[in-house]
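See below for upload02.txt, which holds compact mmCIF, C-alpha atoms.
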# COMPACT_ATOMS: atom_id res chain seq x y z
CA MET A 1 -7.77 34.53 -26.11
CA GLY A 2 -4.22 35.51 -25.32
CA ALA A 3 -3.02 38.39 -23.24
CA PRO A 4 -1.94 41.63 -24.90
CA ALA A 5 1.71 42.46 -25.25
CA SER A 6 3.15 43.14 -21.83
CA SER A 7 3.66 46.83 -22.61
CA ASP A 8 -0.10 47.28 -23.13
CA TRP A 9 -1.19 46.78 -19.53
CA PRO A 10 -2.54 49.89 -17.74
CA GLU A 11 -0.09 51.43 -15.34
CA TYR A 12 -2.33 50.97 -12.30
CA LEU A 13 -2.23 47.19 -12.90
CA VAL A 14 1.55 47.29 -13.33
CA GLU A 15 1.90 49.24 -10.11
CA ARG A 16 -0.23 46.71 -8.22
CA ALA A 17 1.66 43.73 -9.66
CA SER A 18 4.92 45.38 -8.55
CA GLY A 19 3.84 45.59 -4.93
CA TRP A 20 5.68 44.00 -2.05
CA PRO A 21 3.72 41.69 0.25
CA PRO A 22 2.73 43.28 3.56
CA GLY A 23 4.87 42.12 6.43
CA ASP A 24 3.65 39.65 9.05
CA CYS A 25 0.52 38.81 7.08
CA CYS A 26 1.18 35.13 6.28
CA ILE A 27 1.65 35.75 2.54
CA VAL A 28 2.72 32.62 0.62
CA PRO A 29 6.52 33.05 0.28
CA GLY A 30 7.60 33.67 -3.31
CA SER A 31 4.04 34.31 -4.56
CA THR A 32 2.92 37.37 -6.51
CA PRO A 33 -0.23 39.51 -6.27
CA VAL A 34 -3.10 38.18 -8.39
CA VAL A 35 -4.71 41.15 -10.14
CA SER A 36 -7.24 38.81 -11.79
CA PHE A 37 -7.89 35.22 -12.70
CA GLY A 38 -8.38 35.53 -16.44
CA HIS A 39 -8.16 38.56 -18.66
CA PRO A 40 -8.83 41.68 -16.55
CA LEU A 41 -9.72 44.12 -19.35
CA ARG A 42 -12.12 42.42 -21.76
CA PRO A 43 -14.97 41.06 -19.58
CA LYS A 44 -18.04 42.91 -18.38
CA VAL A 45 -18.79 40.12 -15.91
CA ALA A 46 -16.66 39.09 -12.93
CA THR A 47 -16.92 36.86 -9.93
CA LEU A 48 -15.53 38.17 -6.66
CA GLY A 49 -13.94 36.35 -3.74
CA ILE A 50 -11.89 37.18 -0.68
CA ASN A 51 -8.33 36.20 -1.66
CA PRO A 52 -6.53 33.61 -3.81
CA SER A 53 -6.16 30.11 -2.42
CA SER A 54 -2.70 29.04 -1.33
CA ARG A 55 -3.22 26.08 -3.68
CA GLU A 56 -2.79 28.46 -6.60
CA PHE A 57 0.90 28.64 -5.68
CA LEU A 58 1.73 25.70 -3.45
CA ALA A 59 2.07 22.02 -4.17
CA GLY A 60 1.68 19.57 -1.29
CA GLY A 61 3.54 20.99 1.65
CA ALA A 62 5.29 24.33 1.25
CA SER A 63 6.98 24.00 -2.16
CA LEU A 64 5.95 26.34 -4.95
CA LEU A 65 4.31 24.91 -8.05
CA SER A 66 6.73 24.94 -10.97
CA GLY A 67 7.08 23.79 -14.55
CA PRO A 68 3.87 22.70 -16.31
CA LYS A 69 2.00 22.59 -12.96
CA ARG A 70 2.58 26.27 -12.25
CA ARG A 71 -0.59 28.37 -12.43
CA LEU A 72 0.67 31.89 -11.73
CA ALA A 73 3.91 33.81 -11.68
CA THR A 74 6.30 33.28 -8.77
CA LEU A 75 9.59 34.92 -7.91
CA GLU A 76 11.22 31.68 -9.06
CA SER A 77 9.47 31.65 -12.45
CA LEU A 78 10.45 35.30 -12.97
CA GLY A 79 14.08 34.58 -12.07
CA LEU A 80 14.02 36.97 -9.12
CA ALA A 81 15.78 36.48 -5.80
CA GLY A 82 13.44 38.86 -3.97
CA TYR A 83 10.65 41.40 -4.36
CA ASP A 84 13.19 44.20 -4.43
CA GLU A 85 14.24 42.97 -7.89
CA MET A 86 10.72 43.42 -9.36
CA THR A 87 10.71 45.84 -12.32
CA PRO A 88 7.85 47.18 -14.42
CA GLN A 89 8.72 44.59 -17.08
CA THR A 90 8.60 41.63 -14.68
CA ALA A 91 5.39 43.07 -13.17
CA ARG A 92 3.85 42.97 -16.64
CA CYS A 93 4.83 39.30 -16.83
CA VAL A 94 2.93 38.77 -13.57
CA ILE A 95 -0.18 40.26 -15.23
CA ASP A 96 0.40 38.15 -18.35
CA ASP A 97 0.19 35.01 -16.23
CA CYS A 98 -2.97 36.25 -14.52
CA ALA A 99 -4.59 36.97 -17.89
CA SER A 100 -3.72 33.53 -19.32
CA TYR A 101 -4.58 31.63 -16.12
CA PHE A 102 -7.45 29.65 -17.67
CA GLU A 103 -5.28 28.62 -20.61
CA ARG A 104 -2.98 26.55 -18.37
CA GLN A 105 -3.87 24.52 -15.26
CA PRO A 106 -6.86 26.29 -13.63
CA TYR A 107 -7.95 25.15 -10.20
CA GLY A 108 -11.15 23.05 -10.21
CA TRP A 109 -12.74 25.50 -7.72
CA PHE A 110 -13.88 27.64 -10.66
CA LYS A 111 -15.99 24.99 -12.43
CA PRO A 112 -19.33 25.51 -10.58
CA LEU A 113 -19.04 29.27 -11.03
CA ASP A 114 -18.37 28.87 -14.75
CA THR A 115 -21.48 26.71 -15.03
CA ILE A 116 -23.53 29.63 -13.71
CA LEU A 117 -21.71 32.21 -15.83
CA SER A 118 -22.16 30.30 -19.07
CA GLY A 119 -25.68 29.05 -18.38
CA ALA A 120 -27.12 32.33 -17.11
CA LEU A 121 -25.18 35.03 -18.96
CA GLY A 122 -23.45 33.29 -21.87
CA VAL A 123 -19.97 34.21 -20.66
CA SER A 124 -17.09 32.08 -19.46
CA TYR A 125 -13.70 32.25 -17.82
CA TYR A 126 -12.38 29.97 -20.54
CA ASP A 127 -13.04 32.26 -23.51
CA GLY A 128 -12.03 35.50 -21.79
CA THR A 129 -15.56 36.92 -21.41
CA ALA A 130 -15.51 36.60 -17.60
CA CYS A 131 -12.83 36.83 -14.94
CA HIS A 132 -12.44 36.43 -11.19
CA LEU A 133 -11.32 39.17 -8.81
CA ASP A 134 -10.50 39.23 -5.10
CA LEU A 135 -10.81 41.72 -2.27
CA VAL A 136 -7.23 40.87 -1.29
CA GLN A 137 -4.78 40.08 -4.09
CA TRP A 138 -2.31 38.02 -2.03
CA ALA A 139 -2.60 34.30 -1.28
CA THR A 140 -2.07 33.43 2.37
CA ASP A 141 -0.99 30.35 4.28
CA PRO A 142 -3.01 29.61 6.35
CA VAL A 143 -6.08 30.46 4.30
CA TRP A 144 -8.45 33.31 5.25
CA PHE A 145 -10.32 31.33 7.90
CA GLY A 146 -7.08 30.63 9.75
CA LEU A 147 -5.77 34.19 9.86
CA PRO A 148 -5.98 36.34 12.99
CA GLU A 149 -8.64 39.04 12.80
CA ASN A 150 -6.10 41.87 12.85
CA VAL A 151 -4.23 40.34 9.90
CA ARG A 152 -7.42 40.04 7.85
CA ASP A 153 -8.27 43.67 8.60
CA ARG A 154 -4.77 44.80 7.56
CA LEU A 155 -4.93 42.89 4.28
CA LEU A 156 -8.39 44.18 3.47
CA SER A 157 -7.44 47.75 4.27
CA ALA A 158 -4.30 47.55 2.11
CA ASP A 159 -5.89 45.98 -0.99
CA ARG A 160 -9.47 47.28 -1.09
CA SER A 161 -8.65 50.52 -2.88
CA PHE A 162 -7.05 48.65 -5.78
CA LEU A 163 -10.19 46.56 -6.29
CA GLU A 164 -12.40 49.65 -6.16
CA THR A 165 -10.24 51.28 -8.82
CA GLN A 166 -10.27 48.14 -10.94
CA VAL A 167 -14.07 47.76 -10.85
CA ARG A 168 -14.55 51.42 -11.71
CA ARG A 169 -11.96 51.64 -14.48
CA GLU A 170 -12.73 48.35 -16.23
CA GLY A 171 -16.48 48.85 -16.17
CA TYR A 172 -17.63 45.44 -14.95
CA ARG A 173 -21.42 45.50 -15.19
CA VAL A 174 -22.31 42.33 -13.25
CA ILE A 175 -20.34 40.95 -10.30
CA LEU A 176 -21.24 37.60 -8.72
CA VAL A 177 -20.30 36.61 -5.17
CA ASN A 178 -20.39 33.00 -3.97
CA GLY A 179 -20.95 32.01 -0.34
CA ARG A 180 -21.85 33.68 2.95
CA THR A 181 -18.26 34.33 4.02
CA ALA A 182 -17.39 36.13 0.78
CA LEU A 183 -20.57 38.21 0.66
CA THR A 184 -20.10 39.18 4.32
CA TRP A 185 -16.57 40.44 3.66
CA VAL A 186 -17.63 42.23 0.46
CA GLU A 187 -20.15 44.20 2.50
CA ARG A 188 -17.68 44.66 5.36
CA ALA A 189 -15.24 46.17 2.85
CA GLY A 190 -17.87 48.79 2.03
CA LEU A 191 -18.29 47.78 -1.61
CA VAL A 192 -22.03 47.11 -1.48
CA LYS A 193 -24.96 46.79 0.92
CA TRP A 194 -26.81 43.51 0.40
CA GLU A 195 -30.57 43.03 0.43
CA ARG A 196 -32.08 39.55 0.54
CA PHE A 197 -34.25 39.03 -2.52
CA ALA A 198 -35.19 35.35 -2.65
CA GLY A 199 -34.89 32.17 -0.67
CA LEU A 200 -32.98 29.15 -1.95
CA ASP A 201 -34.55 25.91 -0.76
CA ASP A 202 -33.41 23.18 -3.16
CA GLY A 203 -30.47 22.27 -0.92
CA PRO A 204 -29.18 23.60 2.38
CA PRO A 205 -31.25 26.71 3.26
CA GLY A 206 -29.86 29.87 1.73
CA SER A 207 -30.63 33.23 0.19
CA PHE A 208 -30.10 35.11 -3.06
CA LEU A 209 -29.03 38.72 -2.49
CA VAL A 210 -28.82 41.84 -4.61
CA GLY A 211 -26.86 45.05 -4.24
CA GLY A 212 -25.60 47.74 -6.54
CA THR A 213 -23.43 50.75 -7.14
CA ARG A 214 -23.55 53.39 -9.84
CA SER A 215 -21.28 51.23 -11.98
CA ALA A 216 -22.14 47.59 -11.27
CA LEU A 217 -24.90 45.21 -10.25
CA PHE A 218 -23.84 42.79 -7.50
CA LEU A 219 -25.59 39.41 -7.19
CA ALA A 220 -24.79 36.88 -4.48
CA TRP A 221 -25.93 33.64 -2.90
CA SER A 222 -25.20 32.45 0.63
CA PRO A 223 -24.55 28.70 0.02
CA ASN A 224 -20.89 27.99 -0.73
CA LEU A 225 -21.06 25.90 -3.90
CA GLN A 226 -17.59 24.38 -3.55
CA ASN A 227 -17.49 23.57 0.17
CA GLN A 228 -21.03 23.16 1.51
CA PRO A 229 -22.61 19.70 1.17
CA GLY A 230 -25.67 19.81 -1.06
CA ALA A 231 -25.06 23.40 -2.20
CA LEU A 232 -24.61 22.38 -5.85
CA ASP A 233 -28.33 21.55 -5.90
CA HIS A 234 -28.98 25.29 -5.86
CA ILE A 235 -27.25 25.90 -9.21
CA PRO A 236 -30.40 25.73 -11.43
CA ARG A 237 -32.24 28.29 -9.29
CA ILE A 238 -29.17 30.52 -8.98
CA MET A 239 -28.76 30.42 -12.77
CA GLU A 240 -32.40 31.44 -13.16
CA LEU A 241 -32.05 34.43 -10.87
CA VAL A 242 -28.69 35.53 -12.29
CA ALA A 243 -30.17 35.39 -15.80
CA THR A 244 -33.24 37.38 -14.75
CA PHE A 245 -31.28 40.25 -13.25
CA GLY A 246 -27.87 40.00 -14.88
CA ALA A 247 -28.79 39.79 -18.57
CA PRO A 248 -30.50 43.22 -18.70
CA ALA A 249 -27.49 44.79 -16.99
CA LEU A 250 -25.38 43.51 -19.88
CA GLY A 251 -27.70 45.02 -22.47
CA GLY A 252 -29.63 41.82 -23.17
CA ALA A 253 -33.33 41.72 -23.92
CA PRO A 254 -35.56 42.46 -20.94
CA ALA A 255 -36.99 39.36 -19.31
CA LEU A 256 -40.53 40.11 -20.53
CA GLY A 257 -41.93 36.86 -19.20
CA GLY A 258 -39.50 36.43 -16.36
CA ALA A 259 -36.66 33.94 -16.46
CA PRO A 260 -37.61 30.55 -17.89
CA ALA A 261 -38.10 27.55 -15.66
CA VAL A 262 -34.88 25.60 -15.15
CA ASP A 263 -35.14 21.89 -14.39
CA GLY A 264 -38.75 22.35 -13.37
CA HIS A 265 -38.15 25.35 -11.09
CA GLN A 266 -40.71 28.10 -11.59
CA ASN A 267 -40.20 31.76 -10.81
CA SER A 268 -41.17 32.24 -7.17
CA VAL A 269 -39.85 33.78 -4.00
CA ALA A 270 -39.78 31.53 -0.99
CA THR A 271 -40.92 34.13 1.55
CA PRO A 272 -43.07 37.02 0.26
CA GLY A 273 -43.08 40.30 2.10
CA SER A 274 -40.69 43.16 2.77
CA GLN A 275 -37.66 41.06 1.85
CA ASP A 276 -38.92 41.01 -1.75
CA LEU A 277 -38.42 44.77 -2.11
CA ILE A 278 -35.83 46.04 -4.57
CA PRO A 279 -32.62 47.04 -2.73
CA ALA A 280 -32.46 50.78 -2.22
CA GLY A 281 -29.84 52.68 -4.21
CA LEU A 282 -29.61 50.47 -7.31
CA HIS A 283 -28.63 52.47 -10.37
CA PHE A 284 -29.02 51.37 -14.00
CA ALA A 285 -27.05 52.70 -16.94
CA SER A 286 -30.02 52.71 -19.35
CA ARG A 287 -33.79 52.36 -19.63
CA GLU A 288 -33.31 48.88 -21.04
CA GLU A 289 -31.38 47.76 -17.97
CA LEU A 290 -34.04 49.26 -15.71
CA VAL A 291 -37.02 47.58 -17.36
CA GLY A 292 -35.24 44.24 -17.54
CA PHE A 293 -34.58 44.34 -13.81
CA LEU A 294 -38.11 45.55 -13.00
CA PHE A 295 -39.71 42.77 -15.01
CA GLY A 296 -37.59 40.19 -13.24
CA TRP A 297 -38.71 41.71 -9.93
CA LEU A 298 -42.33 41.59 -11.04
CA ASP A 299 -42.11 37.85 -11.65
CA ASN A 300 -40.00 36.99 -8.62
CA SER A 301 -41.63 39.14 -5.94
CA ARG A 302 -45.05 39.60 -4.42
CA ALA A 303 -44.28 42.98 -2.86
CA LYS A 304 -46.84 45.70 -3.62
CA THR A 305 -44.23 48.43 -4.12
CA ILE A 306 -40.62 48.49 -5.26
CA GLY A 307 -39.44 50.02 -1.99
CA ASP A 308 -40.23 50.39 1.68
CA LEU A 309 -43.43 52.45 2.07
CA SER A 310 -42.16 53.94 5.31
CA PHE A 311 -39.86 56.01 3.08
CA GLY A 312 -42.85 57.35 1.12
CA ARG A 313 -41.81 59.22 -2.01
CA LYS A 314 -38.11 59.03 -1.25
CA PRO A 315 -36.01 58.18 -4.36
CA TRP A 316 -35.33 54.44 -4.21
CA ILE A 317 -33.66 53.41 -7.49
CA SER A 318 -32.44 55.39 -10.50
CA PHE A 319 -31.40 55.12 -14.13
CA ASP A 320 -29.65 57.19 -16.79
CA SER A 321 -31.84 58.64 -19.54
CA PRO A 322 -31.23 61.05 -22.44
CA ALA A 323 -32.55 63.75 -20.11
CA GLY A 324 -30.17 62.79 -17.30
CA ARG A 325 -30.56 60.78 -14.11
CA VAL A 326 -34.14 59.75 -13.29
CA ASP A 327 -35.29 58.48 -9.88
CA LEU A 328 -38.08 56.05 -9.09
CA ASN A 329 -39.61 56.52 -5.66
CA ALA A 330 -40.05 53.85 -3.02
CA ASP A 331 -43.85 53.92 -3.38
CA THR A 332 -43.80 52.96 -7.08
CA ARG A 333 -46.44 50.21 -7.22
CA ARG A 334 -46.22 46.83 -8.90
CA GLU A 335 -49.34 47.73 -10.94
CA ALA A 336 -47.32 50.55 -12.53
CA VAL A 337 -44.51 48.11 -13.36
CA ALA A 338 -47.09 45.74 -14.89
CA ARG A 339 -48.41 48.58 -17.07
CA LEU A 340 -44.83 49.38 -18.11
CA ARG A 341 -44.37 45.76 -19.18
CA GLU A 342 -47.53 45.90 -21.28
CA HIS A 343 -46.24 49.07 -22.92
CA VAL A 344 -42.85 47.52 -23.72
CA GLN A 345 -44.43 44.33 -25.03
CA LYS A 346 -46.60 46.40 -27.35
CA HIS A 347 -44.16 49.09 -28.44
CA GLY A 348 -40.67 47.79 -27.62
CA ALA A 349 -38.12 48.94 -25.08
CA GLN A 350 -36.57 51.47 -27.47
CA ARG A 351 -39.69 53.61 -27.88
CA ALA A 352 -39.02 57.15 -26.71
CA TRP A 353 -39.98 57.99 -23.15
CA HIS A 354 -41.13 61.45 -22.16
CA PHE A 355 -39.76 63.28 -19.13

As structure tokens, the full file:
Amino acid sequence: MGAPASSDWPEYLVERASGWPPGDCCIVPGSTPVVSFGHPLRPKVATLGINPSSREFLAGGASLLSGPKRRLATLESLGLAGYDEMTPQTARCVIDDCASYFERQPYGWFKPLDTILSGALGVSYYDGTACHLDLVQWATDPVWFGLPENVRDRLLSADRSFLETQVRREGYRVILVNGRTALTWVERAGLVKWERFAGLDDGPPGSFLVGGTRSALFLAWSPNLQNQPGALDHIPRIMELVATFGAPALGGAPALGGAPAVDGHQNSVATPGSQDLIPAGLHFASREELVGFLFGWLDNSRAKTIGDLSFGRKPWISFDSPAGRVDLNADTRREAVARLREHVQKHGAQRAWHF
């Protein structure tokens, strides 16, 4: 799936691609801001990281990738001597290269994530139905771990607003976050508040986490699939959980029987109790999304209510209905969710609800 004509890119993307790198922040010399890996407009599913790897721009040592090995636009590939020569037209070329990233020489880092995307949600980087975004759009050398704390804070402060605009304007419905470092910085950036939902115990100990905003469902896991020994063993269970909660958010059929077993893994939560509660504040765009998520919770949790009983009848989660926004209180019991599932199994999710 090719990129649109350069003139078709939204102006906010063009403005971001035109930006100069912040000074004294270890930006890879001659690199350009990465507004997305893959097409930024078509997908409803995205993965989210901290910032692009320096390997997206650099060969061994400090030389920029060029020719057939080049992955993204550089000042050299654009024929520019400096960032002061960037024009709206060359900025659109930067976006073109971001959109067609997976059609050239994509970095192998993305393969485990694409396995989860395709297996759980039926989308892929390689056909333009998923893309990857970053909190910070500039690649750095050294990488994030090696940057001073004040530099990381400056980069995050400068680039966060663009990502917030991008998520809101492009309407991504499901956003996946891989690894403890990334999910920590996503929360630190104020994008989402994580709640632990399930344990992951097929490899190094880890957790599956859920968060949400009015526009998107965030799903995350703490093991780093690319860098942590044994973490790839978690992929079947992660796929199961992503399918259970992500598919309804994309308008798929509710998981009436819970997610299927994957490689012998049954639906279960490692540690029952308060950590199995639904994260407060989740919002769903439709009744279908709500019931799909609730049925996944029913099969993956042993909690007696959807929320913390200490909050009583406080609104806990919400969804959009023909009558407007509807809240479900924290004390909504699992028995009520079970009765809802029986109703949907008998009558279908589209049957009119009364408010």

task: Please provide the set of residues having any atom within 8 Å of range 152-160 of chain A, restricted to only C-alpha atoms, with same-chain residues fewer than 2 positions apart removed, written as a PyMOL selection string.
output: chain A and resi 22+25+135-137+144+147-150+162-164+189

inquiry  = Restricting the calculation to all atoms listed in the file: of A:Pro88, A:Gly230, A:Pro29, A:Gly49, which residue gets closest to Val177 in chain A?
reply    =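 The answer is A:Gly49, which sits nearest to Val177 in chain A.
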
I want to know what sits within 10 Å of Trp221 in chain A, based on only C-alpha atoms, with residues of the same chain fewer than 4 positions away left out; could you give that as a compact mmCIF listing (two decimals) with C-alpha atoms, keeping the file's coordinate frame?
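Wrote out_25.txt, looks like this:
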# COMPACT_ATOMS: atom_id res chain seq x y z
CA LEU A 176 -21.24 37.60 -8.72
CA VAL A 177 -20.30 36.61 -5.17
CA ASN A 178 -20.39 33.00 -3.97
CA GLY A 179 -20.95 32.01 -0.34
CA ARG A 180 -21.85 33.68 2.95
CA ALA A 182 -17.39 36.13 0.78
CA LEU A 183 -20.57 38.21 0.66
CA ARG A 196 -32.08 39.55 0.54
CA PHE A 197 -34.25 39.03 -2.52
CA ALA A 198 -35.19 35.35 -2.65
CA GLY A 199 -34.89 32.17 -0.67
CA LEU A 200 -32.98 29.15 -1.95
CA GLY A 206 -29.86 29.87 1.73
CA SER A 207 -30.63 33.23 0.19
CA PHE A 208 -30.10 35.11 -3.06
CA LEU A 209 -29.03 38.72 -2.49
CA VAL A 210 -28.82 41.84 -4.61
CA LEU A 225 -21.06 25.90 -3.90
CA HIS A 234 -28.98 25.29 -5.86
CA ILE A 238 -29.17 30.52 -8.98
CA VAL A 242 -28.69 35.53 -12.29

Closest of A:Thr165, A:Leu298, A:Cys26, A:Cys98 to Val151 in chain A, counting only C-alpha atoms, is A:Cys26

>> If we count all atoms listed in the file and set the cut-off at 9 Å, which residues sit around Pro204 in chain A, ignoring sequence neighbours fewer than 5 positions away in its own chain? Please answer as a list in words.
In response: Pro223, Gln228, Pro229, Gly230, Ala231, Asp233 and His234 of chain A

Restricted to C-alpha atoms, what would the selected residues look like written as an mmCIF file, in the frame of the given file?
data_model
loop_
_atom_site.group_PDB
_atom_site.id
_atom_site.type_symbol
_atom_site.label_atom_id
_atom_site.label_comp_id
_atom_site.auth_asym_id
_atom_site.auth_seq_id
_atom_site.Cartn_x
_atom_site.Cartn_y
_atom_site.Cartn_z
ATOM 1 C CA PRO A 223 -24.550 28.700 0.020
ATOM 2 C CA GLN A 228 -21.030 23.160 1.510
ATOM 3 C CA PRO A 229 -22.610 19.700 1.170
ATOM 4 C CA GLY A 230 -25.670 19.810 -1.060
ATOM 5 C CA ALA A 231 -25.060 23.400 -2.200
ATOM 6 C CA ASP A 233 -28.330 21.550 -5.900
ATOM 7 C CA HIS A 234 -28.980 25.290 -5.860
#

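CA of Ala130 in chain A lies 23.9 Å from CA of Pro68 in chain A.
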
message: Need the shell around Phe284 in chain A: protein/DNA/RNA residues with any atom at most 12 Å away, counting only C-alpha atoms. Skip same-chain ones fewer than 6 positions apart. Format as a PyMOL selection string?
response: chain A and resi 173-174+211-218+245-246+248-251+290-294+317-321+324-328

Would you mind exporting the chosen residues as a compact mmCIF listing (two decimals), in the frame of the given file, restricted to C-alpha atoms?
# COMPACT_ATOMS: atom_id res chain seq x y z
CA ARG A 173 -21.42 45.50 -15.19
CA VAL A 174 -22.31 42.33 -13.25
CA GLY A 211 -26.86 45.05 -4.24
CA GLY A 212 -25.60 47.74 -6.54
CA THR A 213 -23.43 50.75 -7.14
CA ARG A 214 -23.55 53.39 -9.84
CA SER A 215 -21.28 51.23 -11.98
CA ALA A 216 -22.14 47.59 -11.27
CA LEU A 217 -24.90 45.21 -10.25
CA PHE A 218 -23.84 42.79 -7.50
CA PHE A 245 -31.28 40.25 -13.25
CA GLY A 246 -27.87 40.00 -14.88
CA PRO A 248 -30.50 43.22 -18.70
CA ALA A 249 -27.49 44.79 -16.99
CA LEU A 250 -25.38 43.51 -19.88
CA GLY A 251 -27.70 45.02 -22.47
CA LEU A 290 -34.04 49.26 -15.71
CA VAL A 291 -37.02 47.58 -17.36
CA GLY A 292 -35.24 44.24 -17.54
CA PHE A 293 -34.58 44.34 -13.81
CA LEU A 294 -38.11 45.55 -13.00
CA ILE A 317 -33.66 53.41 -7.49
CA SER A 318 -32.44 55.39 -10.50
CA PHE A 319 -31.40 55.12 -14.13
CA ASP A 320 -29.65 57.19 -16.79
CA SER A 321 -31.84 58.64 -19.54
CA GLY A 324 -30.17 62.79 -17.30
CA ARG A 325 -30.56 60.78 -14.11
CA VAL A 326 -34.14 59.75 -13.29
CA ASP A 327 -35.29 58.48 -9.88
CA LEU A 328 -38.08 56.05 -9.09

Q.
Could you check the closest approach to Ile27 in chain A for each of A:Glu342, A:Asp141, A:Asp201, A:Glu195 and tell me which residue wins, using all atoms listed in the file?
A.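 Checking each candidate against Ile27 in chain A, we get A:Asp141 as the closest.
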
- Work out how far CA of Ser36 in chain A is from CA of Tyr125 in chain A, in Å to one decimal.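 Separation between CA of Tyr125 in chain A and CA of Ser36 in chain A: 11.0 Å.
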
Smallest atom-to-atom distance to Ala81 in chain A: which of A:Gly60, A:Gly30, A:Phe37, A:Gln166, using all atoms listed in the file?
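Closest residue, counting all atoms listed in the file: A:Gly30.
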
If I put a ball of radius 12 Å at (-7.1, 27.4, -8.3) in the file's coordinates, which residues poke into it when counting all atoms listed in the file, written as a ChimeraX atom specification? /A:34,36-38,51-59,65,69-72,98,101-102,104-111,132,139,226

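Checking A:Ser124, A:Ser31, A:Ser310, A:Thr87 one by one against Trp138 in chain A, counting only C-alpha atoms, you find the shortest gap at A:Ser31.
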
Computed gap from CA of Ala330 in chain A to CA of Ser286 in chain A is 19.2 Å

- Message: When you count all atoms listed in the file, which of these residues is closest to Arg237 in chain A: A:Asp308, A:Asp331, A:Arg169, A:Ala120?
- Response: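 Among the listed residues, A:Ala120 lies closest to Arg237 in chain A.
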
- Query: Skipping near chain neighbours, those fewer than 6 positions away, what residues fall within 9 Å of Ile235 in chain A using all atoms listed in the file, listed as a PyMOL selection string?
  - Reply: chain A and resi 112+115-116+225

With C-alpha atoms kept, could you save the residues just selected as a PDB file, keeping the file's coordinate frame?
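In the end it all went to again29.pdb:
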ATOM      1  CA  PRO A 112     -19.330  25.510 -10.580  1.00  0.00           C
ATOM      2  CA  THR A 115     -21.480  26.710 -15.030  1.00  0.00           C
ATOM      3  CA  ILE A 116     -23.530  29.630 -13.710  1.00  0.00           C
ATOM      4  CA  LEU A 225     -21.060  25.900  -3.900  1.00  0.00           C
TER       5      LEU A 225
END

Please identify all polymer residues lying at most 12 Å from the point (-1.3, 50.8, -11.4) (file coordinates), using all atoms listed in the file, and present the result as a PyMOL selection string.
-> chain A and resi 9-19+35+88+91-92+95+161-163+165-166+169
